[in-house]
Amino acid sequence: MTAIVAIYPKFQAIDSSGAPLVGGLLYTYSAGTTSPKVSYTTPAAATANANPVVLDSRGEADVWLDTGNYKFKLTDSSQVEIWTVDNIAGA
């Protein structure tokens, strides 16, 4: 299995003031659902990310996608929703 990156070279999110979304949470679901769908830490798809993926001090994370479509939900560290995007193409 080979995965593709969600955003090259890293997924990054910012808050409404343009600062990195430190501790932000990226939930990955199967498209059109709230059923969790795995993403990976590398393109080899050997290690799954936690779900939600916790963003680091730069608001970044390695997010590689499997086959099929995804839905992403981004929240701040308090789980306040920032956005949801459906039908993101995987590998």
# chains A, B, ... in the order shown; residues from 1 in each chain; ligands from 1
$ residues_around --residues "Tyr70 (chain A)" --least-positions-apart "6" --cutoff "7 Å" --atoms "only C-alpha atoms" --output "list in words"
Thr28, Tyr29, Ser30, Ala31, Asp86, Asn87, Ile88, Ala89 and Gly90 of chain A
$ residues_around --residues "region 65-67 of chain A" --least-positions-apart "3" --cutoff "12 Å" --atoms "only C-alpha atoms" --output "JSON list (two decimals) with N, CA and C atoms, in the first residue's frame"
[["chain", "number", "residue", "atom", "x", "y", "z"],
["A", 1, "MET", "N", 0.85, -1.17, 0.00],
["A", 1, "MET", "CA", 0.00, 0.00, 0.00],
["A", 1, "MET", "C", 0.90, 1.24, 0.00],
["A", 2, "THR", "N", 0.49, 2.26, -0.75],
["A", 2, "THR", "CA", 1.18, 3.54, -0.77],
["A", 2, "THR", "C", 0.16, 4.63, -0.50],
["A", 3, "ALA", "N", 0.53, 5.59, 0.33],
["A", 3, "ALA", "CA", -0.36, 6.69, 0.66],
["A", 3, "ALA", "C", 0.14, 7.97, -0.01],
["A", 4, "ILE", "N", -0.73, 8.97, -0.11],
["A", 4, "ILE", "CA", -0.33, 10.28, -0.61],
["A", 4, "ILE", "C", -0.44, 11.29, 0.52],
["A", 5, "VAL", "N", 0.30, 12.38, 0.38],
["A", 5, "VAL", "CA", 0.27, 13.42, 1.41],
["A", 5, "VAL", "C", -0.97, 14.29, 1.23],
["A", 6, "ALA", "N", -1.57, 14.70, 2.35],
["A", 6, "ALA", "CA", -2.74, 15.55, 2.31],
["A", 6, "ALA", "C", -2.37, 16.94, 1.82],
["A", 7, "ILE", "N", -1.35, 17.51, 2.36],
["A", 7, "ILE", "CA", -0.84, 18.80, 1.95],
["A", 7, "ILE", "C", 0.68, 18.68, 1.96],
["A", 8, "TYR", "N", 1.32, 18.96, 0.85],
["A", 8, "TYR", "CA", 2.75, 18.76, 0.76],
["A", 8, "TYR", "C", 3.49, 20.00, 1.20],
["A", 11, "PHE", "N", 0.80, 18.99, 6.48],
["A", 11, "PHE", "CA", -0.46, 19.66, 6.73],
["A", 11, "PHE", "C", -0.17, 20.77, 7.73],
["A", 28, "THR", "N", -10.06, 12.74, 10.82],
["A", 28, "THR", "CA", -10.19, 12.20, 9.47],
["A", 28, "THR", "C", -11.27, 11.13, 9.48],
["A", 29, "TYR", "N", -12.23, 11.28, 8.54],
["A", 29, "TYR", "CA", -13.37, 10.39, 8.43],
["A", 29, "TYR", "C", -13.49, 9.89, 7.00],
["A", 30, "SER", "N", -14.24, 8.80, 6.82],
["A", 30, "SER", "CA", -14.64, 8.40, 5.48],
["A", 30, "SER", "C", -15.58, 9.48, 4.95],
["A", 31, "ALA", "N", -15.44, 9.82, 3.69],
["A", 31, "ALA", "CA", -16.24, 10.89, 3.09],
["A", 31, "ALA", "C", -17.73, 10.67, 3.35],
["A", 37, "LYS", "N", -11.48, 7.39, 9.61],
["A", 37, "LYS", "CA", -10.70, 6.77, 8.53],
["A", 37, "LYS", "C", -9.24, 7.06, 8.80],
["A", 38, "VAL", "N", -8.42, 6.05, 8.68],
["A", 38, "VAL", "CA", -7.00, 6.15, 9.03],
["A", 38, "VAL", "C", -6.24, 7.05, 8.06],
["A", 39, "SER", "N", -5.32, 7.83, 8.62],
["A", 39, "SER", "CA", -4.28, 8.52, 7.85],
["A", 39, "SER", "C", -2.95, 8.04, 8.42],
["A", 40, "TYR", "N", -1.86, 8.36, 7.75],
["A", 40, "TYR", "CA", -0.57, 7.79, 8.12],
["A", 40, "TYR", "C", 0.49, 8.86, 8.34],
["A", 41, "THR", "N", 1.55, 8.46, 9.04],
["A", 41, "THR", "CA", 2.65, 9.38, 9.35],
["A", 41, "THR", "C", 3.70, 9.46, 8.25],
["A", 42, "THR", "N", 3.70, 8.47, 7.33],
["A", 42, "THR", "CA", 4.67, 8.44, 6.24],
["A", 42, "THR", "C", 4.00, 7.91, 4.97],
["A", 43, "PRO", "N", 4.64, 8.11, 3.82],
["A", 43, "PRO", "CA", 4.06, 7.59, 2.58],
["A", 43, "PRO", "C", 4.06, 6.06, 2.50],
["A", 44, "ALA", "N", 4.85, 5.39, 3.33],
["A", 44, "ALA", "CA", 4.86, 3.93, 3.33],
["A", 44, "ALA", "C", 3.61, 3.35, 3.99],
["A", 45, "ALA", "N", 2.84, 4.20, 4.67],
["A", 45, "ALA", "CA", 1.60, 3.79, 5.33],
["A", 45, "ALA", "C", 1.83, 2.68, 6.35],
["A", 46, "ALA", "N", 2.98, 2.73, 7.02],
["A", 46, "ALA", "CA", 3.31, 1.71, 8.01],
["A", 46, "ALA", "C", 2.79, 2.06, 9.40],
["A", 47, "THR", "N", 2.68, 3.37, 9.68],
["A", 47, "THR", "CA", 2.26, 3.81, 11.01],
["A", 47, "THR", "C", 1.07, 4.75, 10.88],
["A", 48, "ALA", "N", -0.02, 4.37, 11.52],
["A", 48, "ALA", "CA", -1.23, 5.20, 11.48],
["A", 48, "ALA", "C", -1.08, 6.40, 12.41],
["A", 49, "ASN", "N", -1.66, 7.52, 12.00],
["A", 49, "ASN", "CA", -1.78, 8.67, 12.90],
["A", 49, "ASN", "C", -2.83, 8.37, 13.96],
["A", 62, "ASP", "N", 2.30, 15.47, 9.89],
["A", 62, "ASP", "CA", 2.45, 14.62, 8.71],
["A", 62, "ASP", "C", 1.15, 13.86, 8.52],
["A", 70, "TYR", "N", -11.96, 11.20, 1.77],
["A", 70, "TYR", "CA", -11.94, 11.55, 3.19],
["A", 70, "TYR", "C", -12.83, 12.75, 3.46],
["A", 71, "LYS", "N", -13.18, 12.91, 4.72],
["A", 71, "LYS", "CA", -13.73, 14.15, 5.25],
["A", 71, "LYS", "C", -12.79, 14.57, 6.37],
["A", 72, "PHE", "N", -12.36, 15.84, 6.36],
["A", 72, "PHE", "CA", -11.52, 16.41, 7.41],
["A", 72, "PHE", "C", -12.35, 17.36, 8.25],
["A", 87, "ASN", "N", -15.10, 15.01, 0.95],
["A", 87, "ASN", "CA", -14.71, 14.50, -0.37],
["A", 87, "ASN", "C", -13.32, 14.92, -0.81],
["A", 88, "ILE", "N", -12.36, 14.76, 0.09],
["A", 88, "ILE", "CA", -10.95, 14.98, -0.22],
["A", 88, "ILE", "C", -10.42, 13.67, -0.78],
["A", 89, "ALA", "N", -9.85, 13.70, -1.98],
["A", 89, "ALA", "CA", -9.39, 12.49, -2.64],
["A", 89, "ALA", "C", -8.16, 11.93, -1.97],
["A", 90, "GLY", "N", -8.20, 10.63, -1.68],
["A", 90, "GLY", "CA", -7.03, 9.92, -1.15],
["A", 90, "GLY", "C", -6.15, 9.43, -2.29],
["A", 91, "ALA", "N", -5.32, 8.45, -1.97],
["A", 91, "ALA", "CA", -4.35, 7.92, -2.95],
["A", 91, "ALA", "C", -5.04, 7.37, -4.17]]
$ select_by_dssp --residues "chain A" --states "strand (DSSP E)" --output "MDAnalysis selection string"
chainID A and resid 4:5 11:12 25:30 39:40 53:54 60:61 64:65 69:75 81:89
$ closest_residue --among "A:Ser77, A:Ala50, A:Gly68, A:Gly32" --to "Pro20 (chain A)" --atoms "only C-alpha atoms"
A:Ser77
$ residues_around --residues "Ala19 (chain A)" --least-positions-apart "4" --cutoff "10 Å" --atoms "only C-alpha atoms" --output "PyMOL selection string"
chain A and resi 13-15+58-59
$ write_last_selection --atoms "C-alpha atoms" --output "PDB file, in the first residue's frame"
ATOM      1  CA  ALA A  13      -3.361  25.017   9.995  1.00  0.00           C
ATOM      2  CA  ILE A  14      -3.512  28.586  11.274  1.00  0.00           C
ATOM      3  CA  ASP A  15      -5.907  30.335  13.608  1.00  0.00           C
ATOM      4  CA  ARG A  58       3.964  25.069  14.294  1.00  0.00           C
ATOM      5  CA  GLY A  59       0.382  23.903  13.687  1.00  0.00           C
TER       6      GLY A  59
END
$ residues_around --residues "Gly23 (chain A)" --least-positions-apart "4" --cutoff "8 Å" --atoms "only C-alpha atoms" --output "ChimeraX atom specification"
/A:54-57,59,76-77
$ write_last_selection --atoms "C-alpha atoms" --output "compact mmCIF listing (two decimals), in the first residue's frame"
# COMPACT_ATOMS: atom_id res chain seq x y z
CA VAL A 54 -2.71 16.64 17.12
CA LEU A 55 -0.92 19.58 15.48
CA ASP A 56 2.51 20.53 16.79
CA SER A 57 3.92 23.90 17.93
CA GLY A 59 0.38 23.90 13.69
CA ASP A 76 -8.85 24.10 18.01
CA SER A 77 -7.36 22.44 21.09
$ residues_around --residues "Tyr27 (chain A)" --least-positions-apart "6" --cutoff "8 Å" --atoms "only C-alpha atoms" --output "PyMOL selection string"
chain A and resi 36+51-53+72-74
$ atom_distance --atom1 "CA of Ser16 (chain A)" --atom2 "CA of Ser35 (chain A)"
27.8 Å
$ atom_distance --atom1 "CA of Val85 (chain A)" --atom2 "CA of Val63 (chain A)"
15.1 Å
$ atom_distance --atom1 "CA of Trp64 (chain A)" --atom2 "CA of Lys10 (chain A)"
9.0 Å
$ closest_residue --among "A:Leu25, A:Ala61, A:Ser17, A:Pro9" --to "Thr75 (chain A)" --atoms "only C-alpha atoms"
A:Leu25
$ decode --residues "region 4-31 of chain A" --atoms "N, CA and C atoms" --output "short mmCIF file (atom, residue, chain, number, x, y, z; two decimals), in the first residue's frame"
data_model
loop_
_atom_site.label_atom_id
_atom_site.label_comp_id
_atom_site.auth_asym_id
_atom_site.auth_seq_id
_atom_site.Cartn_x
_atom_site.Cartn_y
_atom_site.Cartn_z
N ILE A 4 -0.73 8.97 -0.11
CA ILE A 4 -0.33 10.28 -0.61
C ILE A 4 -0.44 11.29 0.52
N VAL A 5 0.30 12.38 0.38
CA VAL A 5 0.27 13.42 1.41
C VAL A 5 -0.97 14.29 1.23
N ALA A 6 -1.57 14.70 2.35
CA ALA A 6 -2.74 15.55 2.31
C ALA A 6 -2.37 16.94 1.82
N ILE A 7 -1.35 17.51 2.36
CA ILE A 7 -0.84 18.80 1.95
C ILE A 7 0.68 18.68 1.96
N TYR A 8 1.32 18.96 0.85
CA TYR A 8 2.75 18.76 0.76
C TYR A 8 3.49 20.00 1.20
N PRO A 9 4.57 19.93 1.96
CA PRO A 9 5.12 18.70 2.52
C PRO A 9 4.51 18.33 3.86
N LYS A 10 3.77 19.23 4.50
CA LYS A 10 3.10 18.93 5.76
C LYS A 10 1.74 19.62 5.76
N PHE A 11 0.80 18.99 6.48
CA PHE A 11 -0.46 19.66 6.73
C PHE A 11 -0.17 20.77 7.73
N GLN A 12 -0.67 21.98 7.47
CA GLN A 12 -0.51 23.08 8.43
C GLN A 12 -1.82 23.84 8.53
N ALA A 13 -2.15 24.23 9.76
CA ALA A 13 -3.36 25.02 9.99
C ALA A 13 -2.98 26.26 10.79
N ILE A 14 -3.73 27.33 10.56
CA ILE A 14 -3.51 28.59 11.27
C ILE A 14 -4.82 29.01 11.93
N ASP A 15 -4.70 29.84 12.95
CA ASP A 15 -5.91 30.33 13.61
C ASP A 15 -6.39 31.60 12.91
N SER A 16 -7.44 32.20 13.42
CA SER A 16 -8.06 33.37 12.76
C SER A 16 -7.14 34.59 12.75
N SER A 17 -6.12 34.61 13.58
CA SER A 17 -5.17 35.74 13.57
C SER A 17 -3.93 35.45 12.72
N GLY A 18 -3.89 34.28 12.10
CA GLY A 18 -2.77 33.92 11.23
C GLY A 18 -1.64 33.21 11.95
N ALA A 19 -1.81 32.91 13.23
CA ALA A 19 -0.79 32.19 14.00
C ALA A 19 -0.99 30.68 13.83
N PRO A 20 0.09 29.90 14.00
CA PRO A 20 -0.07 28.44 13.91
C PRO A 20 -1.12 27.94 14.90
N LEU A 21 -1.90 26.98 14.47
CA LEU A 21 -2.95 26.40 15.31
C LEU A 21 -2.33 25.33 16.22
N VAL A 22 -1.60 25.78 17.22
CA VAL A 22 -0.89 24.90 18.15
C VAL A 22 -1.90 24.03 18.89
N GLY A 23 -1.66 22.71 18.88
CA GLY A 23 -2.56 21.79 19.56
C GLY A 23 -3.88 21.58 18.87
N GLY A 24 -4.02 22.12 17.65
CA GLY A 24 -5.24 21.90 16.88
C GLY A 24 -5.45 20.41 16.63
N LEU A 25 -6.67 20.04 16.33
CA LEU A 25 -7.02 18.64 16.14
C LEU A 25 -7.61 18.44 14.75
N LEU A 26 -7.04 17.52 14.00
CA LEU A 26 -7.54 17.19 12.67
C LEU A 26 -8.15 15.79 12.72
N TYR A 27 -9.46 15.74 12.56
CA TYR A 27 -10.18 14.47 12.53
C TYR A 27 -10.29 14.03 11.08
N THR A 28 -10.06 12.74 10.82
CA THR A 28 -10.19 12.20 9.47
C THR A 28 -11.27 11.13 9.48
N TYR A 29 -12.23 11.28 8.54
CA TYR A 29 -13.37 10.39 8.43
C TYR A 29 -13.49 9.89 7.00
N SER A 30 -14.24 8.80 6.82
CA SER A 30 -14.64 8.40 5.48
C SER A 30 -15.58 9.48 4.95
N ALA A 31 -15.44 9.82 3.69
CA ALA A 31 -16.24 10.89 3.09
C ALA A 31 -17.73 10.67 3.35
#
